[in-house]
file target.tsv (TSV, C-alpha atoms)
chain	number	residue	atom	x	y	z
A	1	MET	CA	81.82	112.40	150.61
A	2	ALA	CA	83.21	112.00	154.13
A	3	SER	CA	82.29	114.76	156.55
A	4	LEU	CA	84.67	117.70	156.45
A	5	SER	CA	86.82	119.02	159.27
A	6	PRO	CA	89.35	121.85	159.50
A	7	ASP	CA	92.06	119.26	158.83
A	8	SER	CA	90.41	117.94	155.66
A	9	ILE	CA	92.77	118.29	152.72
A	10	VAL	CA	91.29	119.93	149.63
A	11	ARG	CA	92.71	119.15	146.19
A	12	LYS	CA	91.80	120.73	142.88
A	13	ASN	CA	90.45	118.27	140.31
A	14	GLU	CA	93.12	117.85	137.62
A	15	ASP	CA	90.46	117.76	134.91
A	16	ILE	CA	89.52	121.37	135.69
A	17	PHE	CA	90.96	124.21	133.63
A	18	THR	CA	90.41	127.79	134.70
A	19	GLY	CA	90.83	131.38	133.60
A	20	MET	CA	90.00	134.83	134.96
A	21	ILE	CA	87.60	137.19	133.23
A	22	ASP	CA	87.36	140.53	135.00
A	23	ASN	CA	87.09	139.45	138.65
A	24	GLU	CA	85.40	136.13	138.02
A	25	LEU	CA	86.83	132.69	137.47
A	26	VAL	CA	85.51	130.52	134.67
A	27	ALA	CA	86.26	126.84	134.82
A	28	MET	CA	85.71	123.87	132.56
A	29	ASN	CA	85.82	120.15	133.26
A	30	ILE	CA	87.70	118.80	130.27
A	31	GLN	CA	86.21	115.33	130.70
A	32	ASN	CA	82.56	116.28	130.49
A	33	GLY	CA	82.79	119.77	128.92
A	34	LYS	CA	80.78	121.41	131.70
A	35	TYR	CA	81.42	125.05	132.57
A	36	TYR	CA	81.35	126.75	135.95
A	37	HIS	CA	82.04	130.20	137.25
A	38	LEU	CA	83.07	131.53	140.63
A	39	ASN	CA	82.77	135.06	141.96
A	40	GLU	CA	85.75	137.02	143.25
A	41	THR	CA	85.84	135.31	146.65
A	42	GLY	CA	85.38	131.86	145.14
A	43	ALA	CA	88.15	132.64	142.68
A	44	ARG	CA	90.42	133.65	145.54
A	45	ILE	CA	89.78	130.35	147.31
A	46	PHE	CA	90.30	128.33	144.15
A	47	ALA	CA	93.59	130.13	143.53
A	48	LEU	CA	94.80	128.92	146.93
A	49	LEU	CA	94.39	125.32	145.73
A	50	GLU	CA	97.33	125.34	143.35
A	51	GLU	CA	98.67	123.02	146.02
A	52	PRO	CA	96.57	120.80	148.29
A	53	ARG	CA	95.62	122.66	151.47
A	54	SER	CA	93.58	121.96	154.54
A	55	ILE	CA	90.40	123.91	155.16
A	56	ALA	CA	92.12	125.48	158.19
A	57	GLU	CA	95.02	126.67	156.03
A	58	ILE	CA	92.60	128.20	153.50
A	59	CYS	CA	90.85	130.06	156.31
A	60	ARG	CA	94.14	131.41	157.70
A	61	GLU	CA	94.96	132.83	154.25
A	62	LEU	CA	91.53	134.41	153.88
A	63	GLU	CA	91.46	135.90	157.37
A	64	GLY	CA	94.48	137.94	156.35
A	65	SER	CA	92.62	139.39	153.36
A	66	PHE	CA	89.06	139.71	154.65
A	67	SER	CA	87.74	141.02	157.93
A	68	VAL	CA	85.95	137.83	159.01
A	69	GLU	CA	85.74	136.05	162.34
A	70	GLY	CA	87.56	132.71	162.43
A	71	GLY	CA	84.57	130.52	163.24
A	72	GLN	CA	82.42	132.15	160.55
A	73	CYS	CA	85.20	131.78	158.02
A	74	LEU	CA	85.54	128.08	158.82
A	75	ARG	CA	81.82	127.48	158.37
A	76	ASP	CA	81.62	129.45	155.12
A	77	VAL	CA	84.72	127.86	153.60
A	78	THR	CA	83.59	124.37	154.61
A	79	ASP	CA	80.20	124.94	152.96
A	80	PHE	CA	81.90	126.30	149.86
A	81	ILE	CA	84.29	123.36	149.62
A	82	ARG	CA	81.42	120.93	150.03
A	83	GLU	CA	79.57	122.69	147.18
A	84	MET	CA	82.62	122.66	144.91
A	85	ALA	CA	83.14	118.97	145.66
A	86	GLY	CA	79.54	118.35	144.64
A	87	PHE	CA	80.39	119.82	141.23
A	88	ASP	CA	83.60	117.77	141.03
A	89	LEU	CA	85.77	120.88	141.02
A	90	VAL	CA	87.69	119.66	144.06
A	91	SER	CA	88.07	116.59	146.20
A	92	ALA	CA	88.24	116.84	149.96
A	93	GLY	CA	88.70	114.45	152.80
B	1	MET	CA	72.03	128.30	121.89
B	2	ALA	CA	71.64	130.52	118.82
B	3	SER	CA	71.63	128.64	115.53
B	4	SER	CA	74.72	129.70	113.64
B	5	CYS	CA	75.23	127.05	110.98
B	6	THR	CA	72.41	125.49	109.01
B	7	THR	CA	72.67	122.31	107.07
B	8	PRO	CA	71.19	123.50	103.77
B	9	GLU	CA	70.11	120.03	102.72
B	10	ASN	CA	67.57	119.80	105.49
B	11	ALA	CA	66.06	123.12	104.44
B	12	LEU	CA	65.66	122.06	100.85
B	13	GLU	CA	63.78	118.79	101.06
B	14	GLY	CA	61.60	118.77	98.00
B	15	ALA	CA	62.73	122.22	96.80
B	16	VAL	CA	63.24	123.09	93.16
B	17	LYS	CA	66.70	122.03	92.02
B	18	ALA	CA	69.01	124.42	90.20
B	19	PRO	CA	70.08	123.45	86.67
B	20	PRO	CA	73.28	121.38	86.45
B	21	GLU	CA	76.54	123.37	86.54
B	22	GLU	CA	78.26	123.53	83.17
B	23	GLY	CA	81.38	121.36	83.22
B	24	GLY	CA	80.57	119.92	86.64
B	25	LEU	CA	81.51	120.86	90.17
B	26	PHE	CA	85.16	119.84	89.83
B	27	SER	CA	85.89	121.41	86.44
B	28	GLY	CA	88.32	124.16	85.52
B	29	GLY	CA	90.67	123.77	88.43
B	30	PRO	CA	92.93	123.69	90.32
B	31	TYR	CA	92.18	126.95	92.08
B	32	ALA	CA	94.26	128.80	94.68
B	33	TYR	CA	92.74	131.08	97.30
B	34	ARG	CA	93.67	132.87	100.48
B	35	ALA	CA	91.05	133.58	103.14
B	36	TYR	CA	90.91	133.68	106.94
B	37	GLY	CA	94.69	133.69	107.03
B	38	LEU	CA	94.86	130.28	105.35
B	39	SER	CA	95.90	129.20	101.85
B	40	PHE	CA	93.55	126.87	99.99
B	41	ALA	CA	94.22	124.61	97.02
B	42	SER	CA	90.85	123.59	95.64
B	43	GLU	CA	89.42	121.46	92.85
B	44	ILE	CA	86.16	123.41	93.26
B	45	SER	CA	85.82	127.04	92.27
B	46	PHE	CA	84.58	129.62	94.76
B	47	PRO	CA	84.14	132.73	92.61
B	48	GLN	CA	83.73	135.07	95.58
B	49	TRP	CA	86.96	133.99	97.28
B	50	PRO	CA	90.11	136.12	96.92
B	51	GLU	CA	92.39	134.36	94.47
B	52	SER	CA	95.98	133.98	95.48
B	53	THR	CA	99.29	132.45	94.60
B	54	PHE	CA	101.46	130.68	97.10
B	55	ALA	CA	104.50	128.46	97.13
B	56	GLY	CA	104.72	125.13	98.88
B	57	GLU	CA	101.97	123.16	100.50
B	58	PRO	CA	98.61	124.84	101.02
B	59	ASP	CA	97.14	125.00	104.49
B	60	VAL	CA	93.96	123.30	103.27
B	61	ARG	CA	93.18	121.06	100.30
B	62	ILE	CA	89.62	120.79	98.97
B	63	GLY	CA	89.10	117.99	96.50
B	64	GLN	CA	87.09	115.15	95.12
B	65	GLY	CA	87.48	111.72	96.63
B	66	VAL	CA	85.87	108.37	97.24
B	67	ILE	CA	84.63	108.17	100.81
B	68	PHE	CA	82.20	105.31	100.33
B	69	GLY	CA	82.13	102.67	97.60
B	70	ARG	CA	79.73	101.96	94.80
B	71	ASP	CA	77.12	100.25	96.99
B	72	TYR	CA	76.78	103.19	99.39
B	73	VAL	CA	73.19	104.25	100.13
B	74	PRO	CA	72.88	107.79	101.49
B	75	PRO	CA	70.66	108.31	104.54
B	76	SER	CA	67.17	109.75	104.24
B	77	SER	CA	68.24	112.85	106.20
B	78	VAL	CA	71.59	114.46	106.93
B	79	GLN	CA	73.79	112.70	109.47
B	80	ILE	CA	76.94	114.09	111.03
B	81	GLU	CA	79.63	111.98	112.70
B	82	SER	CA	82.52	113.44	114.63
B	83	SER	CA	85.69	112.46	116.44
B	84	PRO	CA	88.86	114.37	117.29
B	85	GLY	CA	90.32	115.48	113.96
B	86	GLU	CA	87.56	113.93	111.87
B	87	LEU	CA	84.16	115.14	110.72
B	88	LEU	CA	81.84	113.35	108.31
B	89	LEU	CA	78.66	114.70	106.80
B	90	ARG	CA	76.45	112.10	105.12
B	91	GLY	CA	74.14	114.17	102.97
B	92	SER	CA	70.89	112.75	101.73
B	93	GLN	CA	70.86	114.54	98.38
B	94	SER	CA	74.02	116.53	97.73
B	95	ALA	CA	77.27	114.92	98.87
B	96	THR	CA	79.26	113.07	101.47
B	97	ILE	CA	81.91	115.39	102.88
B	98	ARG	CA	84.82	114.60	105.18
B	99	VAL	CA	86.86	117.21	107.02
B	100	SER	CA	90.06	115.84	108.50
B	101	GLY	CA	93.14	117.01	110.32
B	102	GLY	CA	92.26	120.68	109.93
B	103	ASN	CA	93.82	120.54	106.47
B	104	ALA	CA	91.67	118.47	104.12
B	105	ILE	CA	88.11	118.56	102.83
B	106	THR	CA	87.09	115.61	100.69
B	107	VAL	CA	83.88	115.75	98.66
B	108	GLN	CA	82.07	112.79	97.13
B	109	GLN	CA	79.20	114.26	95.14
B	110	LEU	CA	76.03	112.15	95.13
B	111	PRO	CA	74.32	111.49	91.77
B	112	GLY	CA	72.44	114.70	90.95
B	113	GLY	CA	73.96	116.49	93.92
B	114	ASN	CA	73.32	120.26	93.66
B	115	PRO	CA	76.66	122.13	93.26
B	116	GLY	CA	75.21	125.27	94.86
B	117	ILE	CA	74.17	123.34	97.95
B	118	ILE	CA	77.55	121.61	98.13
B	119	ARG	CA	79.34	124.96	97.96
B	120	GLN	CA	77.18	126.31	100.79
B	121	ILE	CA	78.02	123.31	102.96
B	122	LEU	CA	81.71	123.81	102.16
B	123	LEU	CA	81.60	127.53	102.94
B	124	GLY	CA	79.78	126.96	106.22
B	125	TRP	CA	79.98	123.65	108.02
B	126	SER	CA	83.17	122.39	106.36
B	127	LEU	CA	85.11	125.60	106.96
B	128	ALA	CA	83.92	125.51	110.56
B	129	GLY	CA	85.34	122.01	110.83
B	130	ILE	CA	88.71	123.19	109.52
B	131	PHE	CA	88.81	126.10	111.96
B	132	HIS	CA	87.81	124.02	114.97
B	133	GLN	CA	90.16	121.16	114.13
B	134	ARG	CA	92.96	123.75	113.96
B	135	GLY	CA	92.03	125.08	117.39
B	136	MET	CA	90.98	128.44	115.96
B	137	LEU	CA	88.06	130.54	117.17
B	138	PRO	CA	85.38	131.40	114.60
B	139	LEU	CA	82.42	133.47	115.72
B	140	HIS	CA	79.19	133.74	113.77
B	141	GLY	CA	79.22	137.45	113.09
B	142	SER	CA	79.96	140.38	110.83
B	143	ALA	CA	83.41	141.90	111.23
B	144	LEU	CA	83.41	145.61	110.36
B	145	CYS	CA	86.12	148.25	110.48
B	146	ASP	CA	85.47	151.89	111.31
B	147	GLY	CA	88.88	153.36	110.60
B	148	ASP	CA	91.41	151.12	112.30
B	149	ALA	CA	88.95	149.82	114.88
B	150	CYS	CA	87.35	146.45	114.18
B	151	PHE	CA	84.01	145.52	115.65
B	152	VAL	CA	82.29	142.15	115.47
B	153	PHE	CA	78.51	141.98	115.52
B	154	CYS	CA	77.09	138.62	116.59
B	155	ALA	CA	73.43	137.77	116.38
B	156	ALA	CA	71.03	134.92	115.89
B	157	SER	CA	69.99	134.40	112.29
B	158	GLY	CA	67.26	136.81	111.26
B	159	THR	CA	68.20	139.58	113.70
B	160	GLY	CA	69.43	141.91	110.96
B	161	LYS	CA	73.18	141.55	111.29
B	162	SER	CA	73.87	141.72	107.54
B	163	THR	CA	71.49	144.62	107.00
B	164	LEU	CA	73.36	146.50	109.73
B	165	ALA	CA	76.65	145.58	108.05
B	166	ALA	CA	75.39	147.07	104.78
B	167	ALA	CA	74.50	150.29	106.65
B	168	PHE	CA	78.07	150.49	107.97
B	169	LEU	CA	79.44	150.05	104.44
B	170	ASN	CA	77.06	152.73	103.17
B	171	ALA	CA	78.59	155.00	105.83
B	172	GLY	CA	82.10	154.42	104.44
B	173	CYS	CA	83.30	151.61	106.69
B	174	ALA	CA	85.07	148.47	105.52
B	175	TYR	CA	84.44	144.83	106.34
B	176	LEU	CA	86.45	141.65	106.86
B	177	ASP	CA	83.62	139.14	106.60
B	178	ASP	CA	79.84	139.09	106.93
B	179	ASN	CA	79.41	135.57	108.27
B	180	ILE	CA	82.51	134.32	110.07
B	181	ALA	CA	84.65	136.50	112.34
B	182	LEU	CA	87.79	134.41	112.72
B	183	ILE	CA	89.59	135.54	115.85
B	184	ARG	CA	93.35	135.22	115.98
B	185	PHE	CA	95.73	136.20	118.74
B	186	GLU	CA	98.70	138.09	117.32
B	187	GLY	CA	101.30	138.69	120.00
B	188	GLY	CA	98.60	138.01	122.58
B	189	GLN	CA	96.26	140.67	121.10
B	190	PRO	CA	93.02	139.56	119.43
B	191	SER	CA	92.55	140.44	115.78
B	192	VAL	CA	90.12	139.40	113.06
B	193	ALA	CA	91.36	137.74	109.88
B	194	PRO	CA	90.04	138.86	106.46
B	195	GLY	CA	87.52	136.35	105.12
B	196	ILE	CA	85.65	136.64	101.85
B	197	PRO	CA	84.24	139.78	100.18
B	198	GLU	CA	80.60	138.68	100.22
B	199	ILE	CA	77.60	140.05	102.08
B	200	ARG	CA	74.31	138.18	102.21
B	201	LEU	CA	71.29	140.44	101.90
B	202	TRP	CA	67.59	139.87	101.49
B	203	GLU	CA	66.46	140.91	98.05
B	204	ASP	CA	64.29	143.74	99.39
B	205	ALA	CA	67.31	145.24	101.21
B	206	LEU	CA	69.32	145.56	98.02
B	207	GLY	CA	67.69	148.89	97.17
B	208	GLU	CA	69.35	150.48	100.24
B	209	VAL	CA	72.87	149.52	99.14
B	210	ALA	CA	74.92	152.59	98.20
B	211	PHE	CA	78.39	151.01	97.98
B	212	GLU	CA	79.90	149.50	94.85
B	213	HIS	CA	78.80	145.89	94.44
B	214	THR	CA	77.74	143.08	92.13
B	215	VAL	CA	75.10	140.45	92.81
B	216	ALA	CA	76.51	136.95	92.41
B	217	GLY	CA	73.20	135.12	92.71
B	218	ARG	CA	71.09	133.55	95.40
B	219	VAL	CA	72.71	132.10	98.50
B	220	LYS	CA	70.32	129.14	98.22
B	221	PRO	CA	68.25	128.31	95.13
B	222	ASP	CA	64.81	128.86	96.65
B	223	VAL	CA	65.53	131.63	99.16
B	224	ASN	CA	65.46	135.37	98.32
B	225	LYS	CA	68.76	136.00	100.01
B	226	LEU	CA	71.46	137.27	97.67
B	227	ALA	CA	75.23	136.90	97.66
B	228	VAL	CA	76.45	140.46	97.17
B	229	LEU	CA	80.10	140.88	96.26
B	230	ALA	CA	81.59	144.13	97.54
B	231	ARG	CA	85.31	144.09	96.82
B	232	SER	CA	86.03	147.83	97.07
B	233	THR	CA	84.90	147.98	100.71
B	234	PHE	CA	86.60	144.71	101.66
B	235	ARG	CA	89.61	144.94	103.96
B	236	SER	CA	92.24	142.39	102.99
B	237	GLU	CA	94.46	142.80	106.06
B	238	PRO	CA	93.79	141.61	109.62
B	239	ALA	CA	92.45	144.25	111.99
B	240	PRO	CA	92.85	144.56	115.77
B	241	LEU	CA	89.58	143.75	117.51
B	242	ARG	CA	88.20	146.54	119.70
B	243	LYS	CA	84.76	145.36	120.76
B	244	ILE	CA	82.18	142.64	120.23
B	245	PHE	CA	78.51	143.51	120.08
B	246	ILE	CA	75.77	140.95	120.65
B	247	LEU	CA	72.54	142.00	118.94
B	248	ARG	CA	69.48	140.74	120.74
B	249	ARG	CA	65.84	141.35	119.87
B	250	THR	CA	63.68	142.22	122.85
B	251	ASN	CA	60.24	143.59	123.68
B	252	ASP	CA	61.87	146.62	125.32
B	253	PRO	CA	60.41	150.03	124.45
B	254	GLU	CA	63.83	151.59	123.84
B	255	LEU	CA	67.22	150.70	122.37
B	256	SER	CA	69.85	150.05	125.04
B	257	PHE	CA	73.50	149.09	125.31
B	258	VAL	CA	74.44	146.77	128.16
B	259	PRO	CA	78.10	145.98	128.87
B	260	LEU	CA	78.76	142.39	129.84
B	261	ALA	CA	81.34	141.33	132.39
B	262	GLY	CA	82.90	138.22	133.83
B	263	ALA	CA	81.40	134.85	133.09
B	264	ALA	CA	78.43	136.49	131.32
B	265	LYS	CA	80.83	137.58	128.57
B	266	PHE	CA	82.21	134.08	128.22
B	267	HIS	CA	78.80	132.48	127.92
B	268	ALA	CA	77.50	135.12	125.51
B	269	LEU	CA	80.45	134.47	123.19
B	270	LEU	CA	80.14	130.69	123.58
B	271	GLU	CA	76.60	130.99	122.27
B	272	HIS	CA	77.92	132.53	119.05
B	273	VAL	CA	80.81	130.22	118.23
B	274	PHE	CA	80.34	129.36	114.55
B	275	CYS	CA	78.68	126.00	113.89
B	276	ILE	CA	79.44	124.74	117.39
B	277	ARG	CA	76.22	122.68	117.39
B	278	PHE	CA	77.42	120.61	114.44
B	279	MET	CA	81.03	119.96	115.40
B	280	GLY	CA	80.63	117.33	118.11
B	281	ASP	CA	83.85	115.74	119.28
B	282	THR	CA	86.01	117.35	116.63
B	283	ILE	CA	86.29	120.49	118.75
B	284	SER	CA	89.16	120.53	121.21
B	285	ARG	CA	87.41	121.48	124.43
B	286	LEU	CA	90.59	122.89	125.86
B	287	SER	CA	91.37	125.07	122.81
B	288	LEU	CA	87.83	126.41	122.74
B	289	PHE	CA	87.86	127.18	126.44
B	290	GLN	CA	91.27	128.86	126.37
B	291	ASN	CA	90.42	130.90	123.27
B	292	LEU	CA	87.09	132.08	124.68
B	293	GLN	CA	88.61	132.87	128.07
B	294	GLU	CA	91.45	134.85	126.53
B	295	LEU	CA	89.06	136.72	124.21
B	296	SER	CA	86.66	137.48	127.06
B	297	ALA	CA	89.48	138.74	129.26
B	298	GLN	CA	90.84	141.10	126.63
B	299	VAL	CA	87.89	142.46	124.66
B	300	MET	CA	84.84	144.47	125.69
B	301	VAL	CA	81.55	142.76	124.96
B	302	GLN	CA	78.34	144.75	124.85
B	303	GLU	CA	74.81	143.60	124.32
B	304	ILE	CA	72.68	145.79	122.03
B	305	ARG	CA	69.11	145.23	123.11
B	306	LEU	CA	66.96	146.01	120.07
B	307	PRO	CA	63.51	147.36	120.96
B	308	ALA	CA	60.25	145.83	119.80
B	309	SER	CA	59.99	148.56	117.18
B	310	LEU	CA	63.26	148.00	115.31
B	311	PRO	CA	65.36	151.05	114.45
B	312	ARG	CA	66.30	151.59	110.84
B	313	PRO	CA	69.71	150.05	110.11
B	314	GLU	CA	71.20	153.43	109.17
B	315	ASP	CA	69.98	154.97	112.43
B	316	LEU	CA	71.36	152.08	114.47
B	317	CYS	CA	74.67	152.37	112.60
B	318	ARG	CA	74.87	156.10	113.35
B	319	THR	CA	74.05	155.57	117.02
B	320	ILE	CA	76.73	152.90	117.41
B	321	ARG	CA	79.40	154.97	115.64
B	322	GLU	CA	78.58	158.05	117.71
B	323	LYS	CA	78.77	156.09	120.95
B	324	GLU	CA	82.11	154.55	119.98
B	325	ARG	CA	83.58	157.92	119.16
B	326	GLY	CA	82.56	159.13	122.59
call {"tool": "encode", "arguments": {"input": "target.tsv", "output": "structure tokens"}}
result
Amino acid sequence: MASLSPDSIVRKNEDIFTGMIDNELVAMNIQNGKYYHLNETGARIFALLEEPRSIAEICRELEGSFSVEGGQCLRDVTDFIREMAGFDLVSAG
Amino acid sequence: MASSCTTPENALEGAVKAPPEEGGLFSGGPYAYRAYGLSFASEISFPQWPESTFAGEPDVRIGQGVIFGRDYVPPSSVQIESSPGELLLRGSQSATIRVSGGNAITVQQLPGGNPGIIRQILLGWSLAGIFHQRGMLPLHGSALCDGDACFVFCAASGTGKSTLAAAFLNAGCAYLDDNIALIRFEGGQPSVAPGIPEIRLWEDALGEVAFEHTVAGRVKPDVNKLAVLARSTFRSEPAPLRKIFILRRTNDPELSFVPLAGAAKFHALLEHVFCIRFMGDTISRLSLFQNLQELSAQVMVQEIRLPASLPRPEDLCRTIREKERG
């Protein structure tokens, strides 16, 4: 995967189906049948990807909901996106 | 993953065979039944199933058919093949069975095939195939009703699920099924469909049964587990599902109840989907995921951690009922 920047566009993988259980998100890749789950914050980020967004846009949305400094948010979201891409939940670049 | 659906043939290699059934497996029919919310037209009798009458096409047909020709050689051990909408069991001793389209079960009995074994495969694996091909959600569990509240108890085989079910019936509760809890969503609310009025109990547990019953025989020819028919305590209408309990044996010193939440609920229920290990590609991944997610989101799931020193079934039943009544 190419290195990520604030302008990198993140897209949800179309093979991923999701649902909420309590405050957690469960997801399944319909191609390989693998299951994943995200905590409340991860679920919030994933919900923002109904449409493709840049990492910077995701951070702007989160900064409104969480008390987090901009630079820290960017680092955390970038790491999270990279991890989700590793599991094929999203593509980014 | 907990084993929830055995292939009886594998367990009976070299076992004593039951005497041939008078008239043959396909004699005396056709038969009409209603179970799990589905109508069945069958060439094979299932004496424990609720008989029914219905007009029009049945939901499921069970019948004799030719799957392989005269030169077919069965495999030396059971093989299962699967694809979307199609399941095929190649038995080594009993039968070749095909489950297709969620509406047809075709049986080709092998020479000398044991009718009792064939019925067990039909009541377990084949029914599971029908349910999964229809996008339904069967759990391996006992579905019990305490008043209007329905509870499902899931557990790995040998944990004592049926013995606990018998304790609930002794206490005046009713049941929908002792093996398959078929979950349906009526108006978005989960409910359990009535199955068949049979409980499977070990022979030495029969002495504790206080409810009206008859013993239909052994579940398998060489196993001391009995098919106990209890029609007076059977509930023949669907019941809204209140809670799912997962019974788990532990080395803990005390009994405990642990509520599950989030993804842990989902994965606990996935572990107890009926016969999921033997369904292969015939299961719609999307239907299974959506059903489990919707069930997990709507129903409380609680793990009952059984201590190393197991409580008596009647004591466990009383504890559960008292906790549920608050």
call {"tool": "atom_distance", "arguments": {"input": "target.tsv", "atom1": "atom CA of B:Ser42", "atom2": "atom CA of B:Glu57"}}
result
12.1 Å
call {"tool": "closest_atom_pairs", "arguments": {"input": "target.tsv", "of": "chain A", "to": "chain B", "cutoff": "12 Å", "atoms": "all atoms listed in the file", "output": "CSV"}}
result
residue,atom,partner,partner_atom,distance
A:Asp15,CA,B:Leu286,CA,10.4
A:Ile16,CA,B:Leu286,CA,10.0
A:Phe17,CA,B:Leu286,CA,7.9
A:Thr18,CA,B:Gln290,CA,8.4
A:Gly19,CA,B:Gln293,CA,6.1
A:Met20,CA,B:Ala297,CA,6.9
A:Ile21,CA,B:Ala297,CA,4.7
A:Asp22,CA,B:Gly262,CA,5.2
A:Asn23,CA,B:Gly262,CA,6.5
A:Glu24,CA,B:Gly262,CA,5.3
A:Leu25,CA,B:Ala263,CA,7.3
A:Val26,CA,B:Ala263,CA,6.2
A:Ala27,CA,B:Phe289,CA,8.5
A:Met28,CA,B:Phe289,CA,7.3
A:Asn29,CA,B:Arg285,CA,9.1
A:Ile30,CA,B:Arg285,CA,6.4
A:Gln31,CA,B:Arg285,CA,8.9
A:Asn32,CA,B:Arg285,CA,9.3
A:Gly33,CA,B:Arg285,CA,6.7
A:Lys34,CA,B:Arg285,CA,9.8
A:Tyr35,CA,B:Phe289,CA,9.1
A:Tyr36,CA,B:Ala263,CA,8.6
A:His37,CA,B:Ala263,CA,6.3
A:Leu38,CA,B:Ala263,CA,8.4
A:Asn39,CA,B:Gly262,CA,8.7
A:Glu40,CA,B:Gly262,CA,9.9
A:Ala43,CA,B:Gly262,CA,11.7
call {"tool": "atom_distance", "arguments": {"input": "target.tsv", "atom1": "atom CA of B:Leu316", "atom2": "atom CA of B:Leu164"}}
result
7.6 Å
call {"tool": "residues_around", "arguments": {"input": "target.tsv", "residues": "B:Gln133", "least_positions_apart": "2", "cutoff": "6 Å", "atoms": "only C-alpha atoms", "output": "list in words"}}
result
Gly85, Gly102, Gly129, Ile130, Phe131 and Gly135 of chain B
call {"tool": "residues_around", "arguments": {"input": "target.tsv", "residues": "A:Leu62", "least_positions_apart": "4", "cutoff": "9 Å", "atoms": "all atoms listed in the file", "output": "list of chain:residue names"}}
result
A:Arg44, A:Ile45, A:Glu57, A:Ile58, A:Phe66, A:Ser67, A:Val68, A:Cys73
call {"tool": "write_last_selection", "arguments": {"input": "target.tsv", "atoms": "C-alpha atoms", "output": "PDB file, keeping the file's coordinate frame"}}
result
ATOM      1  CA  ARG A  44      90.420 133.650 145.540  1.00  0.00           C
ATOM      2  CA  ILE A  45      89.780 130.350 147.310  1.00  0.00           C
ATOM      3  CA  GLU A  57      95.020 126.670 156.030  1.00  0.00           C
ATOM      4  CA  ILE A  58      92.600 128.200 153.500  1.00  0.00           C
ATOM      5  CA  PHE A  66      89.060 139.710 154.650  1.00  0.00           C
ATOM      6  CA  SER A  67      87.740 141.020 157.930  1.00  0.00           C
ATOM      7  CA  VAL A  68      85.950 137.830 159.010  1.00  0.00           C
ATOM      8  CA  CYS A  73      85.200 131.780 158.020  1.00  0.00           C
TER       9      CYS A  73
END
call {"tool": "residues_around", "arguments": {"input": "target.tsv", "residues": "stretch 66-80 of chain B", "least_positions_apart": "3", "cutoff": "9 Å", "atoms": "all atoms listed in the file", "output": "list of chain:residue names"}}
result
B:Thr7, B:Glu9, B:Asn10, B:Leu87, B:Leu88, B:Leu89, B:Arg90, B:Gly91, B:Ser92, B:Gln93, B:Ala95, B:Thr96, B:Ile97, B:Arg98, B:Thr106, B:Val107, B:Gln108, B:Leu110, B:Phe278, B:Met279, B:Gly280
call {"tool": "residues_near_point", "arguments": {"input": "target.tsv", "point": "(66.7, 141.7, 122.3)", "cutoff": "8 Å", "atoms": "only C-alpha atoms", "output": "list in words"}}
result
Leu247, Arg248, Arg249, Thr250, Asn251, Asp252, Ile304, Arg305, Leu306 and Pro307 of chain B
call {"tool": "residues_around", "arguments": {"input": "target.tsv", "residues": "A:Met84", "least_positions_apart": "6", "cutoff": "10 Å", "atoms": "all atoms listed in the file", "output": "list in words"}}
result
Lys12, Tyr36, Leu38, Gly42, Phe46, Thr78, Val90, Ser91 and Ala92 of chain A
call {"tool": "write_last_selection", "arguments": {"input": "target.tsv", "atoms": "C-alpha atoms", "output": "mmCIF file, in the frame of the given file"}}
result
data_model
loop_
_atom_site.group_PDB
_atom_site.id
_atom_site.type_symbol
_atom_site.label_atom_id
_atom_site.label_comp_id
_atom_site.auth_asym_id
_atom_site.auth_seq_id
_atom_site.Cartn_x
_atom_site.Cartn_y
_atom_site.Cartn_z
ATOM 1 C CA LYS A 12 91.800 120.730 142.880
ATOM 2 C CA TYR A 36 81.350 126.750 135.950
ATOM 3 C CA LEU A 38 83.070 131.530 140.630
ATOM 4 C CA GLY A 42 85.380 131.860 145.140
ATOM 5 C CA PHE A 46 90.300 128.330 144.150
ATOM 6 C CA THR A 78 83.590 124.370 154.610
ATOM 7 C CA VAL A 90 87.690 119.660 144.060
ATOM 8 C CA SER A 91 88.070 116.590 146.200
ATOM 9 C CA ALA A 92 88.240 116.840 149.960
#
call {"tool": "residues_around", "arguments": {"input": "target.tsv", "residues": "A:Gly71", "least_positions_apart": "3", "cutoff": "12 Å", "atoms": "only C-alpha atoms", "output": "PyMOL selection string"}}
result
chain A and resi 6+55-56+59-60+63+68+74-78
call {"tool": "axis_aligned_box", "arguments": {"input": "target.tsv", "around": "stretch 260-279 of chain B", "padding_each_side": "6 Å", "output": "AutoDock Vina command-line options"}}
result
--center_x 79.6 --center_y 131.2 --center_z 123.9 --size_x 18.7 --size_y 34.4 --size_z 31.9
call {"tool": "atom_distance", "arguments": {"input": "target.tsv", "atom1": "atom CA of B:Pro221", "atom2": "atom CA of B:Glu198"}}
result
16.9 Å
call {"tool": "closest_residue", "arguments": {"input": "target.tsv", "among": "B:Arg61, B:Glu271, B:Pro30, B:Gly141", "to": "B:Thr159", "atoms": "all atoms listed in the file"}}
result
B:Gly141
call {"tool": "residues_near_point", "arguments": {"input": "target.tsv", "point": "(85.5, 118.1, 145.7)", "cutoff": "10 Å", "atoms": "only C-alpha atoms", "output": "PyMOL selection string"}}
result
chain A and resi 1+10-13+80-93
call {"tool": "closest_residue", "arguments": {"input": "target.tsv", "among": "B:Tyr31, B:Ala227, B:Asn179, B:Leu169", "to": "B:Glu203", "atoms": "all atoms listed in the file"}}
result
B:Ala227
